[in-house]
>>> print(open('run_7.txt').read())   # compact mmCIF, C-alpha atoms and all ligand atoms
# COMPACT_ATOMS: atom_id res chain seq x y z
CA MET A 1 0.00 0.00 0.00
CA THR A 2 1.27 3.46 -0.85
CA GLU A 3 1.09 5.66 2.22
CA ARG A 4 -0.24 9.20 1.86
CA PHE A 5 -0.05 12.17 4.21
CA THR A 6 -3.24 14.23 4.53
CA GLY A 7 -2.26 16.96 7.03
CA SER A 8 -1.81 20.65 6.19
CA PHE A 9 1.66 22.22 6.25
CA THR A 10 0.09 25.64 6.87
CA GLN A 11 -2.28 24.79 9.73
CA GLN A 12 -1.15 26.21 13.07
CA GLU A 13 -2.59 25.38 16.46
CA PRO A 14 -5.47 27.45 17.84
CA ILE A 15 -4.72 30.44 20.08
CA PRO A 16 -4.65 29.19 23.72
CA GLU A 17 -7.95 29.70 25.59
CA GLU A 18 -6.14 32.02 27.99
CA GLY A 19 -5.19 34.24 25.05
CA ILE A 20 -8.74 34.21 23.70
CA ALA A 21 -10.07 35.28 27.11
CA ALA A 22 -7.48 38.08 27.33
CA ALA A 23 -8.35 39.21 23.80
CA LEU A 24 -12.05 39.33 24.65
CA ALA A 25 -11.26 41.46 27.71
CA VAL A 26 -9.38 43.93 25.48
CA LEU A 27 -12.23 43.96 22.96
CA ARG A 28 -14.77 44.61 25.71
CA SER A 29 -12.65 47.48 27.08
CA GLY A 30 -12.55 49.22 23.70
CA ARG A 31 -8.99 50.32 24.53
CA LEU A 32 -7.07 48.60 21.74
CA HIS A 33 -4.47 51.34 21.15
CA ARG A 34 -1.44 50.74 23.36
CA TYR A 35 -1.48 54.25 24.82
CA ASN A 36 -5.25 54.23 25.50
CA LEU A 37 -5.16 53.23 29.16
CA ALA A 38 -7.59 53.56 32.06
CA PRO A 39 -6.19 55.15 35.24
CA GLY A 40 -3.70 52.75 36.80
CA GLU A 41 -3.83 50.35 33.82
CA LEU A 42 -0.48 49.19 32.39
CA GLY A 43 -1.74 47.82 29.06
CA GLU A 44 -1.17 44.45 27.41
CA THR A 45 1.43 45.80 24.97
CA ALA A 46 3.64 47.29 27.67
CA LEU A 47 3.27 44.09 29.70
CA LEU A 48 4.19 41.95 26.69
CA GLU A 49 7.38 44.01 26.27
CA GLN A 50 8.20 43.47 29.91
CA ASP A 51 7.52 39.71 29.61
CA PHE A 52 9.68 39.32 26.51
CA ALA A 53 12.57 41.38 27.90
CA ALA A 54 12.59 39.08 30.94
CA LEU A 55 12.37 35.95 28.76
CA VAL A 56 15.51 36.78 26.76
CA GLY A 57 17.28 38.75 29.49
CA ALA A 58 17.24 42.10 27.67
CA LYS A 59 17.10 45.52 29.29
CA TYR A 60 14.69 46.95 26.74
CA CYS A 61 11.97 45.62 24.47
CA LEU A 62 9.62 47.21 21.94
CA ALA A 63 6.58 45.54 20.34
CA VAL A 64 5.76 46.59 16.78
CA ALA A 65 3.48 45.83 13.85
CA SER A 66 5.60 43.14 12.14
CA GLY A 67 8.97 41.43 12.09
CA GLY A 68 9.89 43.30 8.92
CA TYR A 69 9.01 46.58 10.63
CA ALA A 70 11.24 45.62 13.58
CA LEU A 71 14.16 45.06 11.15
CA ALA A 72 13.67 48.40 9.40
CA THR A 73 13.34 50.16 12.78
CA ALA A 74 16.55 48.54 14.02
CA LEU A 75 18.39 49.68 10.88
CA ARG A 76 17.07 53.24 11.29
CA ALA A 77 17.97 53.23 14.99
CA VAL A 78 21.62 52.39 14.22
CA GLY A 79 21.67 55.24 11.70
CA ILE A 80 21.29 53.49 8.35
CA GLY A 81 19.93 55.80 5.67
CA PRO A 82 19.55 56.07 1.89
CA GLY A 83 22.49 54.70 -0.08
CA ASP A 84 24.18 53.06 2.91
CA PRO A 85 25.52 49.54 2.35
CA VAL A 86 24.23 46.82 4.72
CA LEU A 87 25.64 43.29 4.81
CA THR A 88 23.05 40.53 4.95
CA ASN A 89 22.53 36.84 4.13
CA ALA A 90 22.01 35.73 0.54
CA PHE A 91 20.01 32.80 1.98
CA THR A 92 17.04 34.35 3.75
CA LEU A 93 13.48 35.40 2.99
CA ALA A 94 12.44 38.50 1.08
CA PRO A 95 11.49 40.71 4.10
CA VAL A 96 15.17 40.86 5.12
CA PRO A 97 16.66 42.50 2.01
CA GLY A 98 13.27 44.23 1.79
CA ALA A 99 13.79 45.95 5.16
CA ILE A 100 17.15 47.27 3.89
CA ALA A 101 15.62 48.41 0.59
CA SER A 102 12.73 50.11 2.46
CA LEU A 103 15.26 52.67 3.75
CA GLY A 104 16.78 53.22 0.33
CA ALA A 105 19.84 51.39 1.65
CA ARG A 106 21.81 48.81 -0.33
CA PRO A 107 21.94 45.09 0.59
CA ILE A 108 25.37 43.46 0.20
CA LEU A 109 24.74 39.74 0.13
CA VAL A 110 26.93 37.21 1.92
CA GLY A 111 26.96 33.54 0.89
CA VAL A 112 25.64 30.43 2.65
CA THR A 113 27.45 27.26 3.81
CA GLU A 114 26.25 23.65 3.79
CA ALA A 115 25.26 24.17 7.44
CA LEU A 116 22.77 26.72 6.00
CA THR A 117 24.43 29.49 7.99
CA ILE A 118 26.20 32.64 6.82
CA ASP A 119 29.60 31.96 5.20
CA LEU A 120 32.02 33.55 7.66
CA GLU A 121 34.86 33.55 5.12
CA ASP A 122 32.74 35.45 2.64
CA LEU A 123 31.68 37.78 5.48
CA ALA A 124 35.33 38.42 6.39
CA ALA A 125 36.10 39.18 2.73
CA LYS A 126 33.24 41.71 2.55
CA ALA A 127 33.61 43.15 6.07
CA GLY A 128 35.17 46.37 4.84
CA ALA A 129 32.14 47.15 2.66
CA ALA A 130 29.64 48.13 5.38
CA ARG A 131 29.37 49.07 9.05
CA VAL A 132 26.18 47.10 9.75
CA LEU A 133 25.32 43.39 9.36
CA LEU A 134 21.67 42.35 9.32
CA LEU A 135 22.22 38.70 10.25
CA SER A 136 19.37 36.34 9.43
CA HIS A 137 19.22 33.07 11.39
CA MET A 138 17.40 31.66 8.40
CA ARG A 139 15.29 28.57 9.08
CA GLY A 140 16.62 28.51 12.62
CA HIS A 141 20.23 27.65 11.76
CA ILE A 142 22.58 29.61 14.03
CA CYS A 143 26.17 30.13 12.90
CA ASP A 144 29.17 30.11 15.27
CA MET A 145 28.14 33.32 17.04
CA ASP A 146 31.43 33.57 18.92
CA ARG A 147 33.37 33.65 15.65
CA LEU A 148 30.85 35.96 14.00
CA MET A 149 30.87 38.47 16.86
CA ALA A 150 34.69 38.42 17.08
CA LEU A 151 34.88 39.10 13.35
CA CYS A 152 32.29 41.91 13.47
CA ASP A 153 33.66 43.50 16.65
CA GLY A 154 37.11 43.46 15.09
CA ALA A 155 35.84 45.13 11.92
CA GLY A 156 33.67 47.70 13.74
CA ILE A 157 30.45 46.17 12.37
CA THR A 158 27.20 46.57 14.32
CA VAL A 159 25.14 43.36 14.27
CA ILE A 160 21.35 43.30 14.07
CA GLU A 161 19.90 39.79 14.42
CA ASP A 162 16.86 38.63 12.46
CA CYS A 163 15.42 35.98 14.81
CA ALA A 164 12.20 35.32 12.89
CA HIS A 165 13.03 31.58 13.07
CA THR A 166 15.01 31.47 16.33
CA MET A 167 12.67 32.82 19.01
CA GLY A 168 13.37 30.35 21.84
CA GLY A 169 16.71 29.31 20.31
CA SER A 170 20.22 29.98 21.65
CA TRP A 171 23.97 29.76 21.00
CA ARG A 172 26.08 28.44 23.90
CA GLY A 173 23.17 29.19 26.22
CA VAL A 174 22.77 32.84 25.16
CA PRO A 175 19.31 33.45 23.66
CA SER A 176 19.24 34.15 19.95
CA GLY A 177 18.95 37.90 19.45
CA ARG A 178 21.19 38.68 22.43
CA HIS A 179 24.60 38.56 20.73
CA GLY A 180 24.28 41.61 18.50
CA ALA A 181 23.29 45.20 19.33
CA ILE A 182 19.62 44.54 18.51
CA GLY A 183 17.54 41.37 18.14
CA CYS A 184 14.35 41.34 16.04
CA TYR A 185 11.57 38.72 16.16
CA SER A 186 8.37 38.05 14.24
CA CYS A 187 5.00 37.10 15.76
CA GLN A 188 3.44 36.42 12.38
CA THR A 189 1.22 33.33 12.04
CA TYR A 190 3.94 30.98 10.71
CA LYS A 191 6.55 31.80 13.38
CA HIS A 192 6.94 30.58 16.97
CA VAL A 193 4.18 32.71 18.46
CA ASN A 194 1.12 33.79 16.50
CA SER A 195 -0.69 37.12 16.53
CA GLY A 196 -1.36 37.17 12.80
CA GLU A 197 1.15 39.98 12.36
CA GLY A 198 3.54 41.44 14.92
CA GLY A 199 7.17 41.93 15.84
CA LEU A 200 9.47 42.44 18.82
CA LEU A 201 12.81 44.22 19.14
CA VAL A 202 15.25 43.92 22.06
CA THR A 203 18.45 45.73 22.99
CA ASP A 204 20.55 46.67 26.02
CA ASP A 205 21.46 50.04 24.51
CA ALA A 206 19.37 52.89 25.96
CA ALA A 207 19.98 55.27 23.03
CA LEU A 208 18.98 52.64 20.46
CA ALA A 209 15.91 51.68 22.51
CA ALA A 210 14.78 55.30 22.83
CA ARG A 211 15.14 55.88 19.09
CA ALA A 212 13.25 52.67 18.30
CA VAL A 213 10.39 53.62 20.64
CA LEU A 214 10.09 57.08 19.04
CA LEU A 215 10.39 55.65 15.51
CA SER A 216 7.58 53.19 16.23
CA GLY A 217 5.18 56.06 16.86
CA SER A 218 5.24 56.77 20.59
CA TYR A 219 4.71 60.55 20.20
CA MET A 220 5.67 61.84 23.68
CA LEU A 221 3.99 58.93 25.48
CA TYR A 222 7.16 56.87 25.93
CA GLU A 223 6.79 57.00 29.70
CA ARG A 224 3.92 54.52 29.34
CA HIS A 225 6.46 51.85 28.36
CA LEU A 226 7.57 49.39 31.04
CA ALA A 227 10.60 48.01 29.17
CA ALA A 228 12.04 51.28 27.80
CA PRO A 229 14.83 53.49 29.17
CA GLY A 230 14.07 56.46 31.42
CA PRO A 231 13.13 59.96 30.13
CA GLU A 232 16.79 61.08 30.03
CA ALA A 233 17.40 58.72 27.08
CA PHE A 234 14.67 60.57 25.13
CA ALA A 235 15.79 64.12 25.95
CA GLU A 236 17.52 64.79 22.62
CA ALA A 237 16.11 61.95 20.55
CA ARG A 238 12.49 63.16 20.86
CA PHE A 239 13.35 66.23 18.74
CA GLU A 240 15.39 64.35 16.17
CA THR A 241 13.56 61.08 15.56
CA PRO A 242 10.78 60.85 12.99
CA ASN A 243 7.53 59.08 13.92
CA ILE A 244 7.06 56.14 11.52
CA SER A 245 3.91 54.56 12.94
CA GLY A 246 4.18 50.82 13.42
CA ARG A 247 3.04 50.16 16.98
CA MET A 248 1.62 46.91 18.26
CA ASP A 249 -1.90 47.05 19.71
CA ASN A 250 -3.26 45.61 22.96
CA LEU A 251 -5.31 42.95 21.19
CA ARG A 252 -2.32 41.23 19.61
CA ALA A 253 -0.27 41.62 22.78
CA ALA A 254 -3.05 39.94 24.78
CA ILE A 255 -2.98 36.95 22.41
CA LEU A 256 0.81 36.73 22.59
CA ARG A 257 1.44 36.83 26.34
CA PRO A 258 0.14 33.32 27.13
CA GLN A 259 2.00 32.00 24.07
CA LEU A 260 5.28 33.38 25.40
CA ARG A 261 4.69 31.56 28.66
CA ALA A 262 4.16 28.34 26.69
CA LEU A 263 7.21 28.84 24.44
CA PRO A 264 9.67 26.49 26.23
CA ARG A 265 7.06 23.71 26.11
CA GLN A 266 6.37 24.39 22.43
CA VAL A 267 10.09 24.33 21.62
CA ALA A 268 10.35 20.85 23.18
CA ARG A 269 7.37 19.67 21.07
CA TRP A 270 8.93 21.08 17.87
CA ASN A 271 12.25 19.43 18.58
CA ARG A 272 10.67 16.06 19.26
CA ARG A 273 9.08 16.23 15.78
CA TYR A 274 12.33 17.47 14.24
CA ARG A 275 14.27 14.51 15.66
CA VAL A 276 11.70 12.03 14.34
CA LEU A 277 12.10 13.52 10.84
CA GLU A 278 15.88 13.44 11.23
CA GLU A 279 15.93 9.79 12.37
CA GLY A 280 13.52 8.75 9.63
CA LEU A 281 15.77 10.23 6.95
CA ARG A 282 19.17 9.28 8.33
CA ASP A 283 21.47 7.44 5.87
CA THR A 284 19.19 7.91 2.86
CA PRO A 285 21.42 7.58 -0.22
CA GLY A 286 21.40 10.81 -2.24
CA LEU A 287 20.09 12.91 0.67
CA ARG A 288 22.15 14.83 3.22
CA LEU A 289 20.88 15.98 6.62
CA ILE A 290 21.97 19.32 8.07
CA ALA A 291 24.37 18.81 10.99
CA ARG A 292 23.28 20.69 14.14
CA PRO A 293 26.22 21.88 16.29
CA ALA A 294 26.20 21.00 20.00
CA ASP A 295 26.43 24.72 20.88
CA GLU A 296 23.21 25.48 19.02
CA GLY A 297 19.90 25.48 20.90
CA TYR A 298 17.57 25.13 17.94
CA VAL A 299 13.82 25.24 17.45
CA GLY A 300 12.81 22.59 14.91
CA SER A 301 9.84 24.48 13.47
CA SER A 302 11.03 23.70 9.96
CA PHE A 303 13.16 20.99 8.40
CA GLN A 304 15.73 21.15 5.59
CA VAL A 305 17.67 18.57 3.60
CA LEU A 306 20.26 18.81 0.83
CA LEU A 307 20.27 16.79 -2.38
CA PRO A 308 23.91 17.32 -3.32
CA GLY A 309 24.59 17.39 -7.04
CA TRP A 310 21.01 16.63 -8.14
CA GLU A 311 19.96 18.07 -11.51
CA GLY A 312 16.99 20.46 -11.48
CA ASP A 313 14.64 18.12 -13.35
CA LYS A 314 15.39 15.32 -10.92
CA VAL A 315 14.57 17.57 -7.95
CA GLN A 316 11.40 18.65 -9.72
CA ALA A 317 10.42 15.00 -10.26
CA LEU A 318 10.93 14.32 -6.55
CA LEU A 319 8.80 17.34 -5.56
CA THR A 320 5.99 16.18 -7.85
CA ARG A 321 6.08 12.63 -6.49
CA CYS A 322 6.10 13.84 -2.86
CA ALA A 323 3.28 16.33 -3.52
CA ALA A 324 1.19 13.50 -5.00
CA ARG A 325 1.55 11.75 -1.63
CA GLY A 326 0.61 14.87 0.34
CA VAL A 327 4.13 16.01 1.26
CA GLU A 328 4.62 19.62 0.20
CA LEU A 329 8.27 20.59 -0.10
CA LYS A 330 9.74 23.96 -0.94
CA TRP A 331 12.79 24.17 -3.16
CA PHE A 332 15.32 26.99 -2.98
CA GLY A 333 16.69 26.06 -6.42
CA ALA A 334 13.49 26.75 -8.39
CA PRO A 335 13.98 29.06 -11.38
CA GLU A 336 10.95 31.21 -10.43
CA PRO A 337 9.95 32.50 -6.97
CA VAL A 338 7.00 30.42 -5.64
CA GLY A 339 4.75 31.21 -2.66
CA PHE A 340 6.90 32.42 0.25
CA THR A 341 10.11 31.04 -1.31
CA SER A 342 12.52 33.12 -3.37
CA ARG A 343 16.26 33.16 -3.92
CA TYR A 344 18.67 36.08 -3.98
CA GLU A 345 18.81 36.27 -7.79
CA HIS A 346 15.09 37.04 -7.68
CA TRP A 347 15.66 40.28 -5.74
CA HIS A 348 16.68 42.53 -8.61
CA TYR A 349 16.87 45.55 -6.27
CA ALA A 350 19.72 43.77 -4.42
CA LYS A 351 22.05 43.14 -7.34
CA ALA A 352 24.72 40.66 -6.29
CA PRO A 353 27.77 39.30 -8.05
CA PRO A 354 27.49 35.55 -8.82
CA MET A 355 27.98 33.26 -5.80
CA PRO A 356 28.59 29.84 -7.36
CA GLN A 357 29.22 28.07 -4.05
CA SER A 358 25.94 29.32 -2.59
CA ASP A 359 24.13 28.53 -5.85
CA ARG A 360 25.33 24.95 -5.68
CA ILE A 361 23.94 24.57 -2.15
CA LEU A 362 20.61 26.29 -2.85
CA ALA A 363 20.12 24.21 -6.03
CA GLY A 364 19.70 21.11 -3.85
CA LEU A 365 17.98 22.62 -0.82
CA LEU A 366 14.54 21.35 0.20
CA ASP A 367 12.53 22.84 3.02
CA MET A 368 9.34 22.05 4.88
CA ARG A 369 7.39 23.66 7.66
CA VAL A 370 6.64 21.56 10.74
CA PRO A 371 3.50 22.99 12.35
CA LEU A 372 2.63 21.68 15.81
CA THR A 373 -0.65 20.36 14.44
CA PHE A 374 1.53 17.49 13.08
CA SER A 375 1.74 14.57 15.47
CA VAL A 376 4.99 12.70 16.04
CA GLU A 377 3.48 9.86 13.94
CA ASP A 378 2.75 12.36 11.14
CA CYS A 379 6.44 13.28 11.12
CA ALA A 380 7.47 9.62 10.96
CA LEU A 381 5.10 9.15 8.00
CA ILE A 382 6.43 12.24 6.18
CA ALA A 383 9.98 10.93 6.64
CA ARG A 384 9.00 7.51 5.24
CA ILE A 385 7.37 9.09 2.18
CA LEU A 386 10.33 11.39 1.49
CA ARG A 387 12.80 8.57 2.01
CA GLU A 388 10.96 6.23 -0.38
CA GLU A 389 10.62 8.87 -3.07
CA VAL A 390 14.26 9.96 -2.78
CA GLN A 391 15.31 6.32 -3.14
CA ARG A 392 13.00 5.86 -6.13
CA VAL A 393 14.19 8.96 -8.01
CA HIS A 394 17.80 8.40 -7.02
CA ASN A 395 17.77 4.72 -8.08
CA ALA A 396 15.96 5.44 -11.35
CA ASP A 397 18.73 7.89 -12.09
CA ALA A 398 21.44 5.42 -11.14
CA ALA A 399 19.82 2.76 -13.39
CA CYS A 400 19.91 5.15 -16.37
CA ALA A 401 23.57 5.98 -15.85
CA PRO A 402 25.91 4.45 -18.41
C1 LIG B 1 8.84 36.15 8.48
C2 LIG B 1 10.23 36.61 8.37
C3 LIG B 1 10.58 37.94 8.59
C4 LIG B 1 9.59 39.06 8.73
O1 LIG B 1 8.56 38.88 9.58
P1 LIG B 1 7.12 39.51 9.29
O2 LIG B 1 6.56 39.52 10.68
O3 LIG B 1 6.40 38.59 8.36
O4 LIG B 1 7.31 40.88 8.74
C5 LIG B 1 11.92 38.26 8.60
N1 LIG B 1 12.87 37.33 8.37
C6 LIG B 1 12.56 36.05 8.10
C7 LIG B 1 13.67 35.09 7.85
C8 LIG B 1 11.23 35.66 8.08
O5 LIG B 1 10.92 34.38 7.79
>>> encode(input="run_7.txt", output="structure tokens")
Amino acid sequence: MTERFTGSFTQQEPIPEEGIAAALAVLRSGRLHRYNLAPGELGETALLEQDFAALVGAKYCLAVASGGYALATALRAVGIGPGDPVLTNAFTLAPVPGAIASLGARPILVGVTEALTIDLEDLAAKAGAARVLLLSHMRGHICDMDRLMALCDGAGITVIEDCAHTMGGSWRGVPSGRHGAIGCYSCQTYKHVNSGEGGLLVTDDAALAARAVLLSGSYMLYERHLAAPGPEAFAEARFETPNISGRMDNLRAAILRPQLRALPRQVARWNRRYRVLEEGLRDTPGLRLIARPADEGYVGSSFQVLLPGWEGDKVQALLTRCAARGVELKWFGAPEPVGFTSRYEHWHYAKAPPMPQSDRILAGLLDMRVPLTFSVEDCALIARILREEVQRVHNADAACAP
């Protein structure tokens, strides 16, 4: 019998009942705007910022409208403006170079390794080209942060971390987003907490935090923040910082707070599923798993494999066969951008010189989401299907070889 998977790769879990109750309370109050507070009320958004700062051990936290907005705000806060070069990963999703382009700044793309992390040699070679690195922990793969920070500190490069896929992750015990000057997170439906849209930004730097708060649209109400620096940090900045509205509202914050409390438990559930996929695919001829370093605390909310040296039509045949059995895979080697997936050559506004080594890796890179609506058995089934189809396509190819 041919097994088939019938689950949905885009179906997330429901919002916890506690979050629904908190959201209803906000709706009933009518005070959805973060600065619309009753006497003595602190507000869900300010409380969320306080909760998240405590979770990752940051001094300051700001909640905003999206992860992409958090990235653009971080870039503005460190002084990036039109025409400025910004180093970033070639292997990431479109909102990352998009945040750079939104300021009229210029992305300088850095290659990817077979560990799916930023190529530190390429970064070292390009380090003189910019004073800021927007580092994307794409698909939750964290590079050697000790080496990266040593390199960037040595070259006078400020690091902003894109932690859209690493909320809850860490490197040598330090939470992801806490190595660079600013860490940015997404609360969009497909990330680790879900408010539909939403973003968070953390830093220990009072001047950066004050600028970010003002940029997000605080007017002169910054004293209503619970995880922002004191008024002295705003003394000059309030006259110099434009208001680029992108606040989070109390409704989304209310939904998010119980999810943050559940995050460690959710991370354990993701990783259990990840390990079942990994075990099910181990030693499949033609397929390579991504090694996870011992220093990396990862969140297995998505799963990647490499098909080293596979021709495009062979990969396409595999995708078609897997899709027919209900397993939807994304391919970073596709000639055209599809759905959420695009490759750096597709971003014509971020012109990059050819990167043959990265191209070779991306040409064989498959990716799938692992929503928590998948059971552990679902993950075992997905691994069996992928393994069988890889063997089939791989063997057919071997049989045709002269
Ligand atoms: C989703 C995502 C973002 C942006 O988050 P939004 O909240 O959707 O704006 C940034 N970087 C990566 C890698 C992402 O996947």
>>> atom_distance(input="run_7.txt", atom1="CA of Ala164 in chain A", atom2="CA of Arg238 in chain A")
29.0 Å
>>> closest_residue(input="run_7.txt", among="A:Asp313, A:Asp162, A:Glu296, A:Glu3", to="ligand LIG 1 (chain B)", atoms="all atoms listed in the file")
A:Asp162
>>> closest_residue(input="run_7.txt", among="A:Tyr222, A:Ile385, A:Gly67, A:Phe52", to="Tyr190 in chain A", atoms="all atoms listed in the file")
A:Gly67
>>> residues_around(input="run_7.txt", residues="Ala363 in chain A", least_positions_apart="2", cutoff="9 Å", atoms="all atoms listed in the file", output="VMD selection string")
chain A and resid 306 to 312 315 331 to 334 358 to 361 365 to 366
>>> write_last_selection(input="run_7.txt", atoms="C-alpha atoms", output="short mmCIF file (atom, residue, chain, number, x, y, z; two decimals), in the frame of the given file")
data_model
loop_
_atom_site.label_atom_id
_atom_site.label_comp_id
_atom_site.auth_asym_id
_atom_site.auth_seq_id
_atom_site.Cartn_x
_atom_site.Cartn_y
_atom_site.Cartn_z
CA LEU A 306 20.26 18.81 0.83
CA LEU A 307 20.27 16.79 -2.38
CA PRO A 308 23.91 17.32 -3.32
CA GLY A 309 24.59 17.39 -7.04
CA TRP A 310 21.01 16.63 -8.14
CA GLU A 311 19.96 18.07 -11.51
CA GLY A 312 16.99 20.46 -11.48
CA VAL A 315 14.57 17.57 -7.95
CA TRP A 331 12.79 24.17 -3.16
CA PHE A 332 15.32 26.99 -2.98
CA GLY A 333 16.69 26.06 -6.42
CA ALA A 334 13.49 26.75 -8.39
CA SER A 358 25.94 29.32 -2.59
CA ASP A 359 24.13 28.53 -5.85
CA ARG A 360 25.33 24.95 -5.68
CA ILE A 361 23.94 24.57 -2.15
CA LEU A 365 17.98 22.62 -0.82
CA LEU A 366 14.54 21.35 0.20
#
>>> residues_near_ligand(input="run_7.txt", ligand="ligand LIG 1 (chain B)", cutoff="10 Å", atoms="all atoms listed in the file", output="MDAnalysis selection string")
chainID A and resid 64:72 89 91:99 135:140 161:166 184:191 194:200 340:341
>>> closest_residue(input="run_7.txt", among="A:Val174, A:Val276, A:Arg392, A:Met368", to="Phe303 in chain A", atoms="all atoms listed in the file")
A:Met368
>>> closest_residue(input="run_7.txt", among="A:Leu42, A:Ile160, A:Leu221, A:Leu109", to="Lys351 in chain A", atoms="only C-alpha atoms")
A:Leu109
>>> residues_around(input="run_7.txt", residues="range 318-323 of chain A", least_positions_apart="5", cutoff="10 Å", atoms="all atoms listed in the file", output="ChimeraX atom specification")
/A:4-5,312-313,328-331,366,382,385-394
